[in-house]
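Next comes model08.cif, a file with mmCIF, C-alpha atoms and all ligand atoms.
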data_coords
#
loop_
_atom_site.group_PDB
_atom_site.id
_atom_site.type_symbol
_atom_site.label_atom_id
_atom_site.label_comp_id
_atom_site.auth_asym_id
_atom_site.auth_seq_id
_atom_site.Cartn_x
_atom_site.Cartn_y
_atom_site.Cartn_z
ATOM 1 C CA MET F 1 -15.308 -43.792 -32.320
ATOM 2 C CA ALA F 2 -18.397 -44.777 -30.264
ATOM 3 C CA PRO F 3 -20.686 -41.840 -29.381
ATOM 4 C CA LEU F 4 -19.807 -40.330 -25.990
ATOM 5 C CA PRO F 5 -22.321 -40.639 -23.146
ATOM 6 C CA PRO F 6 -24.169 -37.420 -22.233
ATOM 7 C CA LEU F 7 -22.428 -35.378 -19.517
ATOM 8 C CA ARG F 8 -25.446 -35.718 -17.228
ATOM 9 C CA GLU F 9 -25.068 -39.497 -17.412
ATOM 10 C CA ILE F 10 -21.389 -39.258 -16.442
ATOM 11 C CA ILE F 11 -22.274 -36.985 -13.512
ATOM 12 C CA ALA F 12 -24.971 -39.428 -12.356
ATOM 13 C CA ASN F 13 -22.876 -42.595 -12.851
ATOM 14 C CA TYR F 14 -19.872 -41.204 -10.982
ATOM 15 C CA GLN F 15 -22.051 -39.394 -8.395
ATOM 16 C CA LEU F 16 -20.366 -36.072 -9.106
ATOM 17 C CA SER F 17 -22.413 -33.720 -6.938
ATOM 18 C CA ALA F 18 -21.041 -30.176 -7.326
ATOM 19 C CA ARG F 19 -18.706 -28.883 -4.598
ATOM 20 C CA LYS F 20 -18.974 -25.187 -3.879
ATOM 21 C CA SER F 21 -15.514 -25.106 -2.275
ATOM 22 C CA LEU F 22 -14.020 -26.043 -5.672
ATOM 23 C CA GLY F 23 -16.067 -23.493 -7.630
ATOM 24 C CA GLN F 24 -17.981 -26.254 -9.398
ATOM 25 C CA ASN F 25 -20.621 -24.859 -11.742
ATOM 26 C CA PHE F 26 -20.786 -26.987 -14.845
ATOM 27 C CA LEU F 27 -21.630 -26.112 -18.432
ATOM 28 C CA LEU F 28 -23.422 -29.128 -19.843
ATOM 29 C CA ASP F 29 -24.712 -27.544 -23.047
ATOM 30 C CA ALA F 30 -22.479 -28.666 -25.932
ATOM 31 C CA ASN F 31 -23.580 -25.744 -28.138
ATOM 32 C CA LEU F 32 -22.527 -23.256 -25.483
ATOM 33 C CA ASN F 33 -19.147 -24.961 -25.030
ATOM 34 C CA ASP F 34 -18.689 -24.933 -28.832
ATOM 35 C CA LYS F 35 -19.497 -21.218 -28.854
ATOM 36 C CA ILE F 36 -16.886 -20.454 -26.172
ATOM 37 C CA VAL F 37 -14.333 -22.419 -28.177
ATOM 38 C CA SER F 38 -15.262 -20.498 -31.336
ATOM 39 C CA TYR F 39 -14.079 -17.302 -29.607
ATOM 40 C CA SER F 40 -10.643 -18.783 -28.945
ATOM 41 C CA GLY F 41 -9.248 -18.538 -32.475
ATOM 42 C CA PRO F 42 -8.317 -21.496 -34.704
ATOM 43 C CA LEU F 43 -7.251 -24.597 -32.763
ATOM 44 C CA HIS F 44 -5.769 -26.686 -35.572
ATOM 45 C CA GLY F 45 -2.059 -27.163 -34.958
ATOM 46 C CA HIS F 46 -2.371 -25.796 -31.396
ATOM 47 C CA ASP F 47 -1.883 -27.407 -27.992
ATOM 48 C CA ILE F 48 -4.463 -26.339 -25.405
ATOM 49 C CA LEU F 49 -4.159 -25.995 -21.650
ATOM 50 C CA GLU F 50 -7.516 -26.331 -19.874
ATOM 51 C CA ILE F 51 -7.789 -25.786 -16.121
ATOM 52 C CA GLY F 52 -10.688 -27.428 -14.297
ATOM 53 C CA PRO F 53 -12.245 -29.685 -16.971
ATOM 54 C CA GLY F 54 -14.753 -31.188 -14.498
ATOM 55 C CA PRO F 55 -16.890 -33.706 -16.415
ATOM 56 C CA GLY F 56 -15.216 -32.623 -19.673
ATOM 57 C CA GLY F 57 -17.844 -30.678 -21.644
ATOM 58 C CA LEU F 58 -15.450 -27.937 -22.764
ATOM 59 C CA THR F 59 -12.725 -30.562 -23.303
ATOM 60 C CA ARG F 60 -14.943 -32.379 -25.815
ATOM 61 C CA SER F 61 -15.569 -29.138 -27.696
ATOM 62 C CA LEU F 62 -11.829 -28.387 -27.802
ATOM 63 C CA VAL F 63 -11.081 -31.754 -29.370
ATOM 64 C CA LYS F 64 -14.005 -31.402 -31.756
ATOM 65 C CA ALA F 65 -12.663 -28.004 -32.894
ATOM 66 C CA GLY F 66 -9.422 -29.665 -34.003
ATOM 67 C CA ALA F 67 -6.980 -29.056 -31.133
ATOM 68 C CA ARG F 68 -3.740 -30.975 -31.637
ATOM 69 C CA ARG F 69 -3.538 -31.847 -27.928
ATOM 70 C CA VAL F 70 -5.507 -30.840 -24.843
ATOM 71 C CA VAL F 71 -3.756 -30.961 -21.466
ATOM 72 C CA VAL F 72 -6.326 -30.739 -18.669
ATOM 73 C CA VAL F 73 -5.506 -30.034 -15.014
ATOM 74 C CA GLU F 74 -8.188 -31.088 -12.521
ATOM 75 C CA LYS F 75 -7.923 -30.917 -8.736
ATOM 76 C CA ASP F 76 -10.959 -32.982 -7.735
ATOM 77 C CA ASP F 77 -10.061 -36.733 -7.541
ATOM 78 C CA ARG F 78 -13.645 -37.719 -8.384
ATOM 79 C CA PHE F 79 -13.299 -36.388 -11.941
ATOM 80 C CA ILE F 80 -10.068 -38.192 -12.790
ATOM 81 C CA ALA F 81 -11.635 -41.578 -13.677
ATOM 82 C CA PRO F 82 -14.269 -40.102 -16.030
ATOM 83 C CA LEU F 83 -11.642 -37.825 -17.595
ATOM 84 C CA ARG F 84 -9.307 -40.796 -18.162
ATOM 85 C CA GLU F 85 -12.234 -42.626 -19.735
ATOM 86 C CA LEU F 86 -12.718 -39.649 -22.080
ATOM 87 C CA ALA F 87 -8.958 -39.639 -22.818
ATOM 88 C CA SER F 88 -9.138 -43.305 -23.802
ATOM 89 C CA SER F 89 -11.609 -42.476 -26.572
ATOM 90 C CA MET F 90 -10.049 -39.132 -27.571
ATOM 91 C CA THR F 91 -6.366 -39.928 -27.633
ATOM 92 C CA ASN F 92 -5.076 -36.352 -27.785
ATOM 93 C CA ILE F 93 -6.257 -35.578 -24.218
ATOM 94 C CA VAL F 94 -3.674 -35.634 -21.410
ATOM 95 C CA VAL F 95 -5.106 -35.701 -17.886
ATOM 96 C CA VAL F 96 -3.082 -34.104 -15.080
ATOM 97 C CA HIS F 97 -4.413 -34.627 -11.573
ATOM 98 C CA GLY F 98 -3.424 -31.629 -9.460
ATOM 99 C CA ASP F 99 -4.021 -28.119 -8.212
ATOM 100 C CA ALA F 100 -3.421 -25.647 -11.049
ATOM 101 C CA LEU F 101 -1.946 -23.143 -8.603
ATOM 102 C CA LYS F 102 0.615 -25.615 -7.275
ATOM 103 C CA THR F 103 1.372 -28.043 -10.111
ATOM 104 C CA LYS F 104 4.701 -27.005 -11.631
ATOM 105 C CA GLY F 105 5.924 -27.542 -15.164
ATOM 106 C CA VAL F 106 2.585 -28.189 -16.921
ATOM 107 C CA GLU F 107 3.692 -25.830 -19.705
ATOM 108 C CA LYS F 108 6.590 -28.212 -20.451
ATOM 109 C CA ARG F 109 3.987 -30.742 -21.568
ATOM 110 C CA LEU F 110 2.703 -28.334 -24.211
ATOM 111 C CA ARG F 111 4.198 -27.710 -27.641
ATOM 112 C CA PRO F 112 3.856 -24.197 -29.102
ATOM 113 C CA PRO F 113 1.672 -22.589 -30.253
ATOM 114 C CA VAL F 114 -0.377 -22.899 -27.056
ATOM 115 C CA ARG F 115 -3.787 -21.491 -26.203
ATOM 116 C CA VAL F 116 -5.189 -21.524 -22.663
ATOM 117 C CA ILE F 117 -8.965 -22.050 -22.642
ATOM 118 C CA ALA F 118 -10.937 -22.634 -19.450
ATOM 119 C CA ASN F 119 -14.166 -22.226 -17.566
ATOM 120 C CA LEU F 120 -12.231 -21.345 -14.430
ATOM 121 C CA PRO F 121 -13.361 -22.053 -10.894
ATOM 122 C CA PHE F 122 -14.417 -18.585 -9.695
ATOM 123 C CA ASN F 123 -12.455 -18.876 -6.448
ATOM 124 C CA VAL F 124 -9.042 -19.215 -8.139
ATOM 125 C CA ALA F 125 -9.727 -17.494 -11.470
ATOM 126 C CA THR F 126 -8.035 -14.177 -10.692
ATOM 127 C CA LYS F 127 -4.980 -15.875 -9.234
ATOM 128 C CA CYS F 128 -4.637 -18.074 -12.348
ATOM 129 C CA LEU F 129 -4.937 -15.014 -14.603
ATOM 130 C CA VAL F 130 -2.341 -13.002 -12.690
ATOM 131 C CA ASN F 131 0.058 -15.982 -12.803
ATOM 132 C CA TRP F 132 -0.298 -16.171 -16.598
ATOM 133 C CA LEU F 133 0.111 -12.397 -16.972
ATOM 134 C CA GLU F 134 3.247 -12.558 -14.843
ATOM 135 C CA SER F 135 4.690 -15.519 -16.799
ATOM 136 C CA GLU F 136 8.466 -15.587 -16.949
ATOM 137 C CA PRO F 137 10.127 -15.604 -19.387
ATOM 138 C CA TRP F 138 8.105 -13.082 -21.409
ATOM 139 C CA PRO F 139 6.680 -13.376 -24.116
ATOM 140 C CA PRO F 140 4.902 -16.216 -22.327
ATOM 141 C CA PHE F 141 4.391 -19.883 -23.233
ATOM 142 C CA TRP F 142 0.807 -19.052 -24.331
ATOM 143 C CA LYS F 143 -0.417 -17.257 -27.422
ATOM 144 C CA SER F 144 -3.920 -16.475 -26.115
ATOM 145 C CA LEU F 145 -6.067 -16.911 -23.002
ATOM 146 C CA THR F 146 -9.818 -17.473 -23.405
ATOM 147 C CA LEU F 147 -11.234 -17.592 -19.901
ATOM 148 C CA MET F 148 -14.576 -17.529 -18.120
ATOM 149 C CA PHE F 149 -14.872 -15.261 -15.067
ATOM 150 C CA GLN F 150 -17.620 -13.856 -12.904
ATOM 151 C CA GLU F 151 -18.970 -11.003 -15.012
ATOM 152 C CA ASP F 152 -17.805 -8.274 -12.609
ATOM 153 C CA VAL F 153 -14.243 -9.641 -12.721
ATOM 154 C CA ALA F 154 -14.408 -9.828 -16.540
ATOM 155 C CA ARG F 155 -15.497 -6.177 -16.613
ATOM 156 C CA ARG F 156 -12.570 -5.189 -14.382
ATOM 157 C CA ILE F 157 -10.125 -6.954 -16.719
ATOM 158 C CA VAL F 158 -11.278 -5.036 -19.806
ATOM 159 C CA ALA F 159 -12.143 -1.684 -18.136
ATOM 160 C CA LYS F 160 -10.583 1.470 -19.580
ATOM 161 C CA PRO F 161 -9.217 4.492 -17.674
ATOM 162 C CA GLY F 162 -12.112 6.532 -16.324
ATOM 163 C CA ASP F 163 -14.393 3.479 -15.872
ATOM 164 C CA SER F 164 -15.363 2.783 -12.276
ATOM 165 C CA ALA F 165 -14.171 -0.819 -12.768
ATOM 166 C CA PHE F 166 -10.672 0.268 -13.898
ATOM 167 C CA GLY F 167 -8.089 -1.072 -11.455
ATOM 168 C CA ARG F 168 -5.060 -3.265 -10.889
ATOM 169 C CA LEU F 169 -6.427 -6.155 -12.996
ATOM 170 C CA SER F 170 -7.139 -3.803 -15.925
ATOM 171 C CA VAL F 171 -3.609 -2.394 -15.867
ATOM 172 C CA LEU F 172 -1.918 -5.803 -15.598
ATOM 173 C CA SER F 173 -4.161 -7.302 -18.310
ATOM 174 C CA GLN F 174 -3.796 -4.467 -20.806
ATOM 175 C CA TRP F 175 -0.171 -3.510 -20.261
ATOM 176 C CA ARG F 176 1.449 -5.966 -22.660
ATOM 177 C CA THR F 177 -1.568 -7.849 -24.024
ATOM 178 C CA ARG F 178 -4.967 -7.035 -25.535
ATOM 179 C CA ALA F 179 -8.058 -7.952 -23.488
ATOM 180 C CA ARG F 180 -11.624 -8.164 -24.836
ATOM 181 C CA LEU F 181 -14.904 -9.335 -23.355
ATOM 182 C CA VAL F 182 -16.225 -11.660 -26.060
ATOM 183 C CA MET F 183 -19.327 -13.295 -24.578
ATOM 184 C CA ARG F 184 -21.709 -12.987 -21.628
ATOM 185 C CA VAL F 185 -22.993 -16.213 -20.081
ATOM 186 C CA PRO F 186 -26.079 -15.998 -17.834
ATOM 187 C CA ALA F 187 -26.012 -17.765 -14.475
ATOM 188 C CA THR F 188 -28.892 -19.955 -15.702
ATOM 189 C CA ALA F 189 -26.532 -21.673 -18.158
ATOM 190 C CA PHE F 190 -24.667 -23.415 -15.318
ATOM 191 C CA VAL F 191 -25.479 -26.480 -13.228
ATOM 192 C CA PRO F 192 -25.839 -25.719 -10.379
ATOM 193 C CA GLN F 193 -26.725 -22.102 -11.002
ATOM 194 C CA PRO F 194 -24.280 -19.603 -9.408
ATOM 195 C CA LYS F 195 -25.484 -16.335 -7.853
ATOM 196 C CA VAL F 196 -23.884 -14.180 -10.553
ATOM 197 C CA ASN F 197 -23.576 -14.068 -14.337
ATOM 198 C CA ALA F 198 -20.328 -14.939 -16.057
ATOM 199 C CA ALA F 199 -18.436 -13.631 -19.071
ATOM 200 C CA VAL F 200 -15.665 -14.873 -21.331
ATOM 201 C CA VAL F 201 -12.589 -12.726 -21.813
ATOM 202 C CA ARG F 202 -10.036 -13.231 -24.546
ATOM 203 C CA ILE F 203 -6.514 -11.981 -23.942
ATOM 204 C CA ASP F 204 -3.987 -12.133 -26.742
ATOM 205 C CA HIS F 205 -1.135 -10.537 -28.648
ATOM 206 C CA PRO F 206 1.422 -10.715 -25.833
ATOM 207 C CA ARG F 207 3.991 -8.185 -27.006
ATOM 208 C CA ALA F 208 7.753 -8.296 -26.553
ATOM 209 C CA LEU F 209 9.210 -6.308 -23.661
ATOM 210 C CA ARG F 210 10.450 -2.781 -24.435
ATOM 211 C CA PRO F 211 13.703 -1.500 -22.944
ATOM 212 C CA ASP F 212 11.840 1.110 -20.866
ATOM 213 C CA ASP F 213 9.170 -1.284 -19.517
ATOM 214 C CA PRO F 214 9.091 -1.517 -15.726
ATOM 215 C CA SER F 215 9.279 -5.027 -14.312
ATOM 216 C CA ILE F 216 5.997 -6.780 -13.582
ATOM 217 C CA VAL F 217 6.903 -6.680 -9.873
ATOM 218 C CA GLU F 218 7.308 -2.890 -9.997
ATOM 219 C CA LEU F 219 4.083 -2.354 -11.928
ATOM 220 C CA THR F 220 2.149 -4.669 -9.593
ATOM 221 C CA GLN F 221 3.493 -2.809 -6.554
ATOM 222 C CA VAL F 222 2.612 0.629 -7.923
ATOM 223 C CA THR F 223 -0.943 -0.432 -8.802
ATOM 224 C CA ARG F 224 -1.318 -1.932 -5.303
ATOM 225 C CA TRP F 225 -0.264 1.336 -3.691
ATOM 226 C CA ALA F 226 -2.442 3.459 -5.966
ATOM 227 C CA PHE F 227 -5.611 1.342 -5.961
ATOM 228 C CA GLY F 228 -5.228 0.292 -2.311
ATOM 229 C CA GLN F 229 -6.926 3.615 -1.549
ATOM 230 C CA ARG F 230 -8.718 4.275 -4.805
ATOM 231 C CA ARG F 231 -10.854 7.135 -3.486
ATOM 232 C CA LYS F 232 -7.773 9.104 -2.506
ATOM 233 C CA MET F 233 -5.732 11.399 -4.685
ATOM 234 C CA LEU F 234 -2.433 9.899 -5.850
ATOM 235 C CA ARG F 235 -0.547 12.491 -3.805
ATOM 236 C CA SER F 236 -2.132 11.072 -0.613
ATOM 237 C CA SER F 237 -1.961 7.371 -1.362
ATOM 238 C CA LEU F 238 1.681 7.555 -2.532
ATOM 239 C CA LYS F 239 3.014 9.971 0.096
ATOM 240 C CA LYS F 240 4.128 7.095 2.320
ATOM 241 C CA VAL F 241 6.123 5.660 -0.586
ATOM 242 C CA ASP F 242 8.061 8.802 -1.421
ATOM 243 C CA SER F 243 7.815 12.143 0.347
ATOM 244 C CA ALA F 244 8.687 13.954 -2.916
ATOM 245 C CA ILE F 245 5.717 12.339 -4.653
ATOM 246 C CA ASP F 246 4.316 15.628 -6.006
ATOM 247 C CA ASP F 247 7.602 16.308 -7.842
ATOM 248 C CA HIS F 248 7.707 12.768 -9.230
ATOM 249 C CA LEU F 249 4.146 12.963 -10.494
ATOM 250 C CA GLN F 250 4.610 16.403 -12.042
ATOM 251 C CA SER F 251 7.885 15.332 -13.715
ATOM 252 C CA ILE F 252 5.920 12.767 -15.747
ATOM 253 C CA GLY F 253 2.959 15.050 -16.398
ATOM 254 C CA ILE F 254 0.534 13.556 -13.857
ATOM 255 C CA ASP F 255 -1.591 15.850 -11.695
ATOM 256 C CA PRO F 256 -0.872 14.951 -8.022
ATOM 257 C CA CYS F 257 -4.599 15.481 -7.325
ATOM 258 C CA ALA F 258 -5.616 12.816 -9.900
ATOM 259 C CA ARG F 259 -7.290 9.628 -8.727
ATOM 260 C CA PRO F 260 -5.811 6.284 -9.808
ATOM 261 C CA GLU F 261 -8.675 5.200 -12.093
ATOM 262 C CA THR F 262 -8.032 8.174 -14.387
ATOM 263 C CA LEU F 263 -4.441 7.165 -15.249
ATOM 264 C CA SER F 264 -3.635 5.262 -18.422
ATOM 265 C CA THR F 265 -1.620 2.057 -18.379
ATOM 266 C CA ASP F 266 1.308 3.969 -19.919
ATOM 267 C CA GLN F 267 1.130 6.501 -17.090
ATOM 268 C CA PHE F 268 1.251 3.674 -14.523
ATOM 269 C CA CYS F 269 4.374 2.387 -16.286
ATOM 270 C CA ALA F 270 5.943 5.846 -16.178
ATOM 271 C CA LEU F 271 5.081 6.112 -12.487
ATOM 272 C CA ALA F 272 6.643 2.719 -11.748
ATOM 273 C CA ARG F 273 9.828 3.720 -13.580
ATOM 274 C CA THR F 274 10.026 7.024 -11.723
ATOM 275 C CA LEU F 275 9.393 5.613 -8.269
ATOM 276 C CA PHE F 276 11.710 2.635 -8.617
ATOM 277 C CA ARG F 277 14.545 4.547 -10.249
ATOM 278 C CA SER F 278 14.746 7.186 -7.551
ATOM 279 C CA PRO F 279 15.612 6.391 -3.943
ATOM 280 C CA ILE F 280 12.494 5.666 -1.844
ATOM 281 C CA LYS F 281 12.388 7.987 1.098
HETATM 282 N N1 LIG C 1 -14.919 -27.030 -17.228
HETATM 283 C C1 LIG C 1 -16.048 -27.614 -16.554
HETATM 284 C C2 LIG C 1 -17.326 -27.092 -17.158
HETATM 285 O O1 LIG C 1 -17.250 -26.064 -17.849
HETATM 286 O O2 LIG C 1 -18.376 -27.672 -16.938
HETATM 287 C C3 LIG C 1 -16.001 -27.354 -15.042
HETATM 288 C C4 LIG C 1 -15.889 -25.909 -14.657
HETATM 289 S S1 LIG C 1 -16.069 -25.627 -12.926
HETATM 290 C C5 LIG C 1 -16.476 -23.908 -12.973
HETATM 291 C C6 LIG C 1 -14.408 -25.521 -12.306
HETATM 292 C C7 LIG C 1 -13.599 -26.807 -12.300
HETATM 293 O O3 LIG C 1 -12.293 -26.505 -11.776
HETATM 294 C C8 LIG C 1 -14.117 -27.919 -11.429
HETATM 295 O O4 LIG C 1 -14.037 -29.130 -12.119
HETATM 296 C C9 LIG C 1 -13.182 -27.942 -10.205
HETATM 297 O O5 LIG C 1 -13.061 -29.202 -9.602
HETATM 298 C C10 LIG C 1 -11.888 -27.503 -10.839
HETATM 299 N N2 LIG C 1 -10.947 -26.849 -9.913
HETATM 300 C C11 LIG C 1 -11.224 -26.087 -8.830
HETATM 301 N N3 LIG C 1 -10.093 -25.600 -8.272
HETATM 302 C C12 LIG C 1 -9.070 -26.098 -9.036
HETATM 303 C C13 LIG C 1 -7.658 -25.953 -8.978
HETATM 304 N N4 LIG C 1 -7.070 -25.219 -8.018
HETATM 305 N N5 LIG C 1 -6.905 -26.585 -9.900
HETATM 306 C C14 LIG C 1 -7.494 -27.324 -10.884
HETATM 307 N N6 LIG C 1 -8.823 -27.496 -10.985
HETATM 308 C C15 LIG C 1 -9.606 -26.880 -10.080
#
Mind turning the file's structure into structure tokens?
Amino acid sequence: MAPLPPLREIIANYQLSARKSLGQNFLLDANLNDKIVSYSGPLHGHDILEIGPGPGGLTRSLVKAGARRVVVVEKDDRFIAPLRELASSMTNIVVVHGDALKTKGVEKRLRPPVRVIANLPFNVATKCLVNWLESEPWPPFWKSLTLMFQEDVARRIVAKPGDSAFGRLSVLSQWRTRARLVMRVPATAFVPQPKVNAAVVRIDHPRALRPDDPSIVELTQVTRWAFGQRRKMLRSSLKKVDSAIDDHLQSIGIDPCARPETLSTDQFCALARTLFRSPIK
């Protein structure tokens, strides 16, 4: 295989100036892309889903690390020709032109085991994550997610009860998976440089559902109610949901005066079960 042209050359040849509206901050350093990939677990015998490949730096590292197939989904038309050029020299790359939030059935193009690995556009990163965490059926089509976020979002994903960053994203991410922050990436590593630092989170071990698990819809709703007014005591923020909220909370051993960030994920599950199994007043 002929050596690939440097990413900067591709960007210059195709006049790929970065678009802020599409969250375009590129990682052009091959060593850094290799390092991100090294945190994703072994890739041999795995299909990979990558959202937002841009000029393809991370894509190259994924192929180099031995991925069986890499399916990339890119929204920006300008990147499709250079990505197809890359796919013509690395035959296990499949280029899908579309919006990751709207393109249906991409997972059908992937053969298990599947890892999702992406330097996500900051503006749609949380939405992508929540979609993967809410995958139906569960256990999901993916075995692990290795994703780049703004550092403050990454910290919210992995925060533990009692941390000021603990919130809805922490509960959803840690309920039936394990989430770890594996690498910090300074803003200076990107071209152009964003205003904030980034961090890579790895989410894995999606566990099977237990008979007493609430549904994802119920858990999402309860965390919305509770964290919608995170400074308030649970008794106040949940009063509008059920007038007997004190009794419900006490029946599952939660102090009605507690604030939402002090509850464990298991306690949120218990709360969801209690509220959705009794009539809402
Ligand atoms: N992976 C490349 C890298 O690391 O250099 C580019 C990362 S850049 C942060 C985000 C990429 O996602 C851009 O290529 C952008 O065009 C693409 N993108 C933005 N919104 C998208 C969406 N809704 N669906 C798919 N791709 C999207």
What residues have any atom no more than 8 Å from ligand LIG 1 (chain C) when counting only C-alpha atoms and all ligand atoms, and can you list them as a ChimeraX atom specification? /F:19,21-28,33,50-59,73-76,79,97-102,118-124,190
Starting from the displayed file, determine the output of the PyMOL selection byres (((chain F and resi 247) around 12) and not hetatm) and express the residue list as number ranges by chain. F: 235, 238-239, 242-246, 248-256, 271, 274-275, 278
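Each of F:Pro140, F:Gln150, F:Met183, F:Arg230 was checked against Val196 in chain F using only C-alpha atoms; the smallest atom-to-atom distance is that of F:Gln150.
When only C-alpha atoms are used to compute distances to Val96 in chain F, the closest of the residues F:Val153, F:Leu49, F:Val130, F:Val116 turns out to be F:Leu49.
Atom pair CA of Gln15 in chain F / CA of Cys128 in chain F: separated by 27.8 Å.
Closest approach to Tyr14 in chain F among F:Val171, F:Pro192, F:Gln221, F:Asp77: F:Asp77, based on all atoms listed in the file.
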So what does the PyMOL selection byres (((chain F and resi 160-164) around 10) and not hetatm) actually pick up in this one, as a list of chain:residue names? F:Arg155, F:Arg156, F:Ile157, F:Val158, F:Ala159, F:Ala165, F:Phe166, F:Gly167, F:Ser170, F:Val171, F:Gln174, F:Arg259, F:Pro260, F:Glu261, F:Thr262, F:Leu263, F:Ser264, F:Thr265
Take the point (-13.5, -38.8, -17.4) as written in the file and pick out every residue within 9 Å of it, counting all atoms listed in the file; give the list as a PyMOL selection string. chain F and resi 10+54-56+79-88+95
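One finds CA of Ile36 in chain F at 25.0 Å from CA of Arg78 in chain F.
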List the residues matched by the PyMOL selection byres (((chain F and resi 182) around 8) and not hetatm) in the displayed structure as a list in words, ordered by chain and then by residue number. Tyr39, Arg180, Leu181, Met183, Arg184, Ala199, Val200, Val201 and Arg202 of chain F
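Compared by their closest atoms to Ala154 in chain F, and using only C-alpha atoms, the residues F:Val114, F:Thr220, F:Val71, F:Ile203 rank with F:Ile203 nearest.
All residues that come within 7 Å of the coordinates (-21.7, -20.1, -20.1), counting only C-alpha atoms, are given as Leu27, Leu32, Val185, Pro186, Ala189, Phe190 and Ala198 of chain F.
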